[in-house]
$ cat input29.txt   # compact mmCIF, C-alpha atoms
# COMPACT_ATOMS: atom_id res chain seq x y z
CA MET A 1 -50.22 140.41 5.03
CA SER A 2 -47.83 137.48 5.30
CA SER A 3 -47.04 135.63 2.11
CA LYS A 4 -46.34 132.41 3.97
CA ARG A 5 -49.02 129.83 3.49
CA PHE A 6 -50.45 128.19 6.59
CA GLU A 7 -52.95 125.36 6.47
CA ALA A 8 -54.13 125.20 10.08
CA LEU A 9 -54.94 127.29 13.14
CA VAL A 10 -54.61 125.54 16.52
CA VAL A 11 -55.73 127.23 19.74
CA ASP A 12 -55.71 126.61 23.46
CA TYR A 13 -58.99 126.76 25.40
CA GLY A 14 -58.72 128.23 28.90
CA GLY A 15 -57.40 131.78 28.72
CA VAL A 16 -57.57 131.92 24.91
CA LEU A 17 -61.11 130.98 23.93
CA THR A 18 -62.19 132.16 27.39
CA THR A 19 -61.61 135.14 29.62
CA PRO A 20 -58.26 135.06 31.50
CA LEU A 21 -57.91 132.20 33.96
CA HIS A 22 -56.45 134.45 36.64
CA GLU A 23 -59.69 136.45 36.73
CA ALA A 24 -61.64 133.30 37.58
CA MET A 25 -59.02 132.31 40.13
CA ILE A 26 -59.27 135.73 41.81
CA GLY A 27 -63.02 135.26 42.14
CA PHE A 28 -62.56 131.84 43.75
CA CYS A 29 -59.96 133.19 46.18
CA GLU A 30 -62.29 135.96 47.25
CA GLU A 31 -65.09 133.42 47.73
CA VAL A 32 -63.11 131.11 50.03
CA GLY A 33 -60.89 133.71 51.69
CA ILE A 34 -57.40 132.77 50.48
CA GLU A 35 -54.65 134.66 48.67
CA LEU A 36 -54.23 134.35 44.91
CA GLN A 37 -50.54 133.59 45.31
CA ASP A 38 -51.39 130.59 47.49
CA LEU A 39 -53.78 129.19 44.90
CA ALA A 40 -51.26 129.81 42.12
CA ARG A 41 -48.53 128.08 44.09
CA ALA A 42 -50.78 125.07 44.71
CA ALA A 43 -52.15 124.80 41.18
CA LEU A 44 -49.58 126.13 38.75
CA GLY A 45 -46.15 125.09 40.00
CA VAL A 46 -45.83 122.45 37.30
CA TYR A 47 -46.35 125.18 34.68
CA TYR A 48 -43.26 127.02 35.89
CA GLY A 49 -40.65 124.30 36.14
CA GLY A 50 -41.84 122.46 39.24
CA GLU A 51 -43.00 118.88 39.65
CA ASP A 52 -46.55 118.02 40.62
CA ASP A 53 -47.73 114.45 40.25
CA LEU A 54 -51.22 115.40 41.42
CA VAL A 55 -51.90 118.01 38.73
CA VAL A 56 -50.18 115.97 36.02
CA ALA A 57 -52.23 112.88 36.90
CA PHE A 58 -55.45 114.88 36.71
CA GLU A 59 -54.56 116.66 33.48
CA THR A 60 -53.66 113.40 31.76
CA GLY A 61 -56.83 111.60 32.85
CA ARG A 62 -55.12 109.21 35.27
CA MET A 63 -57.07 110.59 38.23
CA SER A 64 -60.79 111.22 38.53
CA GLU A 65 -62.12 114.67 39.29
CA GLU A 66 -63.54 113.36 42.56
CA ASP A 67 -60.17 112.05 43.76
CA PHE A 68 -58.37 115.15 42.55
CA SER A 69 -60.83 117.46 44.31
CA HIS A 70 -60.32 115.67 47.63
CA ALA A 71 -56.53 115.78 47.30
CA PHE A 72 -56.36 119.36 46.05
CA ALA A 73 -58.73 120.62 48.76
CA ARG A 74 -56.45 119.03 51.35
CA ARG A 75 -53.44 120.71 49.73
CA LEU A 76 -55.09 124.13 49.79
CA THR A 77 -56.24 123.67 53.37
CA GLU A 78 -52.75 122.66 54.50
CA GLN A 79 -51.07 125.53 52.64
CA THR A 80 -53.48 128.28 53.66
CA GLY A 81 -54.92 127.19 56.99
CA VAL A 82 -58.38 127.83 55.54
CA GLU A 83 -60.73 124.86 55.38
CA ILE A 84 -61.52 124.27 51.70
CA SER A 85 -64.39 121.98 50.72
CA HIS A 86 -63.79 119.45 47.96
CA GLU A 87 -67.41 119.65 46.82
CA GLY A 88 -67.53 120.87 43.22
CA LEU A 89 -64.04 122.29 43.70
CA VAL A 90 -62.91 122.44 40.06
CA GLY A 91 -66.16 124.00 38.89
CA ARG A 92 -66.02 126.55 41.69
CA MET A 93 -62.43 127.49 40.86
CA PHE A 94 -63.35 128.34 37.28
CA ALA A 95 -66.94 129.50 37.74
CA GLY A 96 -65.99 133.00 36.63
CA MET A 97 -64.52 131.85 33.32
CA GLU A 98 -66.55 133.01 30.32
CA LEU A 99 -66.20 132.42 26.60
CA ALA A 100 -64.30 135.05 24.60
CA THR A 101 -66.68 135.63 21.70
CA PRO A 102 -64.20 137.47 19.42
CA MET A 103 -61.82 134.50 19.57
CA LEU A 104 -64.57 132.00 18.82
CA THR A 105 -65.59 134.15 15.86
CA ALA A 106 -62.00 134.30 14.64
CA VAL A 107 -61.73 130.51 14.66
CA GLU A 108 -65.06 130.16 12.88
CA VAL A 109 -64.07 132.67 10.19
CA ALA A 110 -60.67 131.00 9.72
CA ARG A 111 -62.38 127.67 9.17
CA ARG A 112 -64.81 129.16 6.68
CA ALA A 113 -61.82 130.63 4.84
CA GLY A 114 -60.46 127.13 4.29
CA LEU A 115 -58.05 126.69 7.19
CA LYS A 116 -58.18 123.57 9.29
CA THR A 117 -58.81 124.34 12.95
CA GLY A 118 -57.72 122.49 16.05
CA LEU A 119 -58.24 122.72 19.80
CA LEU A 120 -55.25 121.72 21.93
CA SER A 121 -55.95 122.02 25.64
CA ASN A 122 -54.69 120.86 29.01
CA SER A 123 -57.83 119.89 30.91
CA TRP A 124 -58.92 120.11 34.51
CA GLY A 125 -61.72 117.63 33.99
CA THR A 126 -64.03 117.78 31.01
CA GLU A 127 -66.97 119.72 32.42
CA LEU A 128 -65.39 123.14 31.88
CA TYR A 129 -65.63 122.95 28.08
CA SER A 130 -68.64 124.63 26.51
CA ARG A 131 -69.31 121.80 24.08
CA ASP A 132 -72.29 123.53 22.46
CA ALA A 133 -70.22 126.61 21.65
CA LEU A 134 -67.35 124.50 20.31
CA GLU A 135 -69.56 122.30 18.13
CA GLY A 136 -68.59 122.63 14.50
CA LEU A 137 -65.59 124.90 15.17
CA PHE A 138 -62.82 122.33 14.96
CA ASP A 139 -61.50 119.68 12.63
CA ALA A 140 -59.53 118.13 15.48
CA VAL A 141 -59.91 118.30 19.25
CA VAL A 142 -57.04 117.19 21.50
CA ILE A 143 -57.80 117.43 25.22
CA SER A 144 -55.10 116.21 27.59
CA GLY A 145 -57.37 114.24 29.88
CA GLU A 146 -58.79 112.34 26.92
CA VAL A 147 -55.48 111.50 25.22
CA GLY A 148 -53.25 110.78 28.23
CA MET A 149 -50.63 113.43 27.49
CA ARG A 150 -50.33 117.14 28.16
CA LYS A 151 -48.61 120.27 26.97
CA PRO A 152 -45.64 120.75 26.84
CA ASP A 153 -45.09 117.05 25.94
CA PRO A 154 -43.84 116.95 22.32
CA GLU A 155 -46.15 114.01 21.62
CA ILE A 156 -49.32 116.02 22.13
CA PHE A 157 -48.32 118.52 19.45
CA GLY A 158 -47.55 115.63 17.13
CA LEU A 159 -50.97 114.15 17.79
CA ALA A 160 -52.68 117.46 17.04
CA VAL A 161 -51.04 117.89 13.64
CA GLU A 162 -51.59 114.21 12.82
CA ARG A 163 -55.31 114.56 13.48
CA LEU A 164 -55.42 117.70 11.36
CA GLY A 165 -53.57 116.00 8.51
CA VAL A 166 -50.99 118.77 8.15
CA SER A 167 -47.35 119.30 9.04
CA ALA A 168 -46.30 121.27 12.09
CA THR A 169 -44.72 123.92 9.88
CA GLU A 170 -48.14 124.56 8.33
CA CYS A 171 -49.70 125.36 11.73
CA VAL A 172 -50.12 128.53 13.74
CA PHE A 173 -50.60 127.80 17.45
CA VAL A 174 -52.10 130.24 19.98
CA ASP A 175 -51.59 129.80 23.72
CA ASP A 176 -51.39 132.06 26.78
CA HIS A 177 -48.48 130.15 28.36
CA PRO A 178 -45.00 130.92 27.03
CA GLY A 179 -43.69 127.48 27.93
CA HIS A 180 -46.26 125.81 25.73
CA LEU A 181 -45.32 128.10 22.86
CA THR A 182 -41.66 127.14 23.25
CA ALA A 183 -42.59 123.47 22.97
CA ALA A 184 -44.77 124.19 19.94
CA GLU A 185 -41.95 126.08 18.25
CA GLU A 186 -39.61 123.16 18.91
CA ALA A 187 -42.19 120.96 17.19
CA GLY A 188 -42.07 123.26 14.15
CA MET A 189 -45.15 125.42 14.68
CA THR A 190 -45.41 129.19 14.32
CA THR A 191 -46.76 130.62 17.57
CA VAL A 192 -48.74 133.56 18.94
CA LEU A 193 -48.70 134.48 22.62
CA HIS A 194 -52.27 135.35 23.58
CA LYS A 195 -52.71 138.44 25.74
CA THR A 196 -55.98 139.95 24.51
CA PRO A 197 -58.36 138.93 21.72
CA ALA A 198 -57.67 142.17 19.82
CA GLU A 199 -53.90 141.66 19.83
CA THR A 200 -54.11 137.98 18.95
CA ILE A 201 -56.59 138.48 16.13
CA SER A 202 -54.42 141.23 14.65
CA GLN A 203 -51.37 138.94 14.69
CA LEU A 204 -53.33 136.06 13.20
CA GLU A 205 -54.70 138.22 10.41
CA GLU A 206 -51.12 139.20 9.54
CA LEU A 207 -49.92 135.60 9.58
CA LEU A 208 -52.88 133.97 7.86
CA GLY A 209 -53.80 136.71 5.40
CA VAL A 210 -57.46 136.46 6.46
CA ASP A 211 -59.81 139.08 7.92
CA LEU A 212 -60.98 137.31 11.09
CA HIS A 213 -63.71 139.73 12.19
$ encode --input "input29.txt" --output "structure tokens"
Amino acid sequence: MSSKRFEALVVDYGGVLTTPLHEAMIGFCEEVGIELQDLARAALGVYYGGEDDLVVAFETGRMSEEDFSHAFARRLTEQTGVEISHEGLVGRMFAGMELATPMLTAVEVARRAGLKTGLLSNSWGTELYSRDALEGLFDAVVISGEVGMRKPDPEIFGLAVERLGVSATECVFVDDHPGHLTAAEEAGMTTVLHKTPAETISQLEELLGVDLH
């Protein structure tokens, strides 16, 4: 076990505390009859070096879900030639996303062991969060649409550690997007790239010196 002392565990939501996002996206694509690559191009370009005022505005709470759904449905329709309804679009896109129980348990056990716990998430609206399941798990919750900033902005990492009352160097941060981990490392955090719950929990146990099962 690591001898380094960490005071806090911070985790992403979608794709870390839930099943992989791409699995939900595949289900949506099959439902509406479009290719996954087209949905990824429309939704995720900003996560891979592109610019996307629409997604950024939605993730930072500057655009309502209703307005975003209309605009994003138009984008998908134009890019694919398939008529996409805006009705309940965000919920439909992520309908297949389920909670990852082993990760929720790991966070709960870490908190019981005396670590502070934080949620740091880029949001597509606020309805996708299972608030009942998250109740009591976290000392600090930072959701992009509620705070007006998003990963990988340095300020959102600063806000997370401020709310936890620790320094960045005392935090381990788990995310499934390498770009967010780079930003977290630049802020001073130790990071874990999430691939599967088993791999992540093993790495966290090594770092934190806590049995998380």
$ atom_distance --input "input29.txt" --atom1 "CA of Ser130 in chain A" --atom2 "CA of Ala95 in chain A"
12.4 Å
$ closest_atom_pairs --input "input29.txt" --of "range 87-190 of chain A" --to "range 21-26 of chain A" --cutoff "10 Å" --atoms "only C-alpha atoms" --output "JSON lines"
{"residue": "A:Arg92", "atom": "CA", "partner": "A:Ala24", "partner_atom": "CA", "distance": 9.0}
{"residue": "A:Met93", "atom": "CA", "partner": "A:Met25", "partner_atom": "CA", "distance": 5.9}
{"residue": "A:Phe94", "atom": "CA", "partner": "A:Ala24", "partner_atom": "CA", "distance": 5.3}
{"residue": "A:Ala95", "atom": "CA", "partner": "A:Ala24", "partner_atom": "CA", "distance": 6.5}
{"residue": "A:Gly96", "atom": "CA", "partner": "A:Ala24", "partner_atom": "CA", "distance": 4.5}
{"residue": "A:Met97", "atom": "CA", "partner": "A:Ala24", "partner_atom": "CA", "distance": 5.3}
{"residue": "A:Glu98", "atom": "CA", "partner": "A:Ala24", "partner_atom": "CA", "distance": 8.8}
{"residue": "A:Asp176", "atom": "CA", "partner": "A:Leu21", "partner_atom": "CA", "distance": 9.7}
$ closest_residue --input "input29.txt" --among "A:Tyr13, A:Pro152, A:Val90, A:Ala198" --to "Thr182 in chain A" --atoms "all atoms listed in the file"
A:Pro152
$ closest_atom_pairs --input "input29.txt" --of "range 96-132 of chain A" --to "range 65-87 of chain A" --cutoff "12 Å" --atoms "all atoms listed in the file" --output "tab-separated table"
residue	atom	partner	partner_atom	distance
A:Ser123	CA	A:Glu65	CA	10.8
A:Trp124	CA	A:Glu65	CA	7.9
A:Gly125	CA	A:Glu65	CA	6.1
A:Thr126	CA	A:Glu65	CA	9.0
A:Glu127	CA	A:Glu65	CA	9.8
A:Leu128	CA	A:Glu65	CA	11.7
$ closest_residue --input "input29.txt" --among "A:Pro197, A:Gly14, A:Gly49, A:Gly145" --to "Gly179 in chain A" --atoms "only C-alpha atoms"
A:Gly49
$ residues_around --input "input29.txt" --residues "Gly165 in chain A" --least-positions-apart "5" --cutoff "12 Å" --atoms "all atoms listed in the file" --output "VMD selection string"
chain A and resid 7 to 8 115 to 118 139 to 140 158 to 160 170 to 171
$ closest_residue --input "input29.txt" --among "A:Pro178, A:Glu155, A:Phe28, A:Gly148" --to "Ala40 in chain A" --atoms "only C-alpha atoms"
A:Phe28
$ atom_distance --input "input29.txt" --atom1 "CA of Val10 in chain A" --atom2 "CA of Val174 in chain A"
6.4 Å
$ atom_distance --input "input29.txt" --atom1 "CA of Glu186 in chain A" --atom2 "CA of Val172 in chain A"
12.9 Å
$ closest_residue --input "input29.txt" --among "A:Phe6, A:Thr190, A:Tyr48, A:Asp12" --to "Asp175 in chain A" --atoms "only C-alpha atoms"
A:Asp12
$ residues_around --input "input29.txt" --residues "Ala113 in chain A" --least-positions-apart "2" --cutoff "12 Å" --atoms "all atoms listed in the file" --output "VMD selection string"
chain A and resid 6 to 9 106 to 111 115 to 117 205 208 to 213
$ closest_residue --input "input29.txt" --among "A:Met189, A:Val141, A:Ala184, A:Val56" --to "Val166 in chain A" --atoms "all atoms listed in the file"
A:Met189
$ axis_aligned_box --input "input29.txt" --around "range 11-28 of chain A" --padding-each-side "5 Å" --output "JSON"
{"center_x": -59.4, "center_y": 131.5, "center_z": 31.7, "size_x": 17.3, "size_y": 19.8, "size_z": 34.0}
$ decode --input "input29.txt" --residues "range 125-175 of chain A" --atoms "C-alpha atoms" --output "CSV table (one decimal), in the first residue's frame"
chain,number,residue,atom,x,y,z
A,125,GLY,CA,-28.9,18.8,-17.4
A,126,THR,CA,-29.5,17.7,-13.8
A,127,GLU,CA,-32.1,15.0,-14.3
A,128,LEU,CA,-29.5,12.3,-15.0
A,129,TYR,CA,-28.2,12.2,-11.5
A,130,SER,CA,-29.6,9.5,-9.2
A,131,ARG,CA,-29.9,11.9,-6.2
A,132,ASP,CA,-31.2,9.2,-3.9
A,133,ALA,CA,-28.2,7.0,-4.5
A,134,LEU,CA,-25.8,9.8,-4.1
A,135,GLU,CA,-27.4,11.1,-0.8
A,136,GLY,CA,-24.9,11.0,2.0
A,137,LEU,CA,-22.0,9.8,-0.2
A,138,PHE,CA,-20.2,13.2,-0.7
A,139,ASP,CA,-18.9,16.0,1.4
A,140,ALA,CA,-18.9,18.3,-1.7
A,141,VAL,CA,-20.8,18.1,-5.0
A,142,VAL,CA,-19.6,20.2,-7.9
A,143,ILE,CA,-21.8,19.9,-11.0
A,144,SER,CA,-20.9,22.1,-14.0
A,145,GLY,CA,-24.4,23.2,-14.8
A,146,GLU,CA,-24.9,24.4,-11.2
A,147,VAL,CA,-21.5,26.3,-10.8
A,148,GLY,CA,-21.1,27.8,-14.3
A,149,MET,CA,-17.8,26.2,-15.2
A,150,ARG,CA,-16.8,22.8,-16.6
A,151,LYS,CA,-13.9,20.4,-16.7
A,152,PRO,CA,-11.2,20.9,-17.9
A,153,ASP,CA,-11.4,24.6,-16.6
A,154,PRO,CA,-8.8,24.9,-13.8
A,155,GLU,CA,-11.3,26.9,-11.8
A,156,ILE,CA,-13.6,24.0,-11.3
A,157,PHE,CA,-10.9,21.8,-9.8
A,158,GLY,CA,-10.1,24.7,-7.5
A,159,LEU,CA,-13.7,25.0,-6.4
A,160,ALA,CA,-13.9,21.3,-5.7
A,161,VAL,CA,-10.9,21.3,-3.3
A,162,GLU,CA,-12.0,24.5,-1.7
A,163,ARG,CA,-15.4,23.0,-0.9
A,164,LEU,CA,-13.7,19.9,0.5
A,165,GLY,CA,-11.3,22.0,2.6
A,166,VAL,CA,-8.2,20.2,1.4
A,167,SER,CA,-5.3,21.0,-0.9
A,168,ALA,CA,-5.2,19.6,-4.4
A,169,THR,CA,-2.1,17.6,-3.6
A,170,GLU,CA,-4.2,15.7,-0.9
A,171,CYS,CA,-6.8,14.6,-3.5
A,172,VAL,CA,-7.1,11.6,-5.7
A,173,PHE,CA,-9.3,12.2,-8.7
A,174,VAL,CA,-11.0,9.6,-10.9
A,175,ASP,CA,-12.3,10.3,-14.4
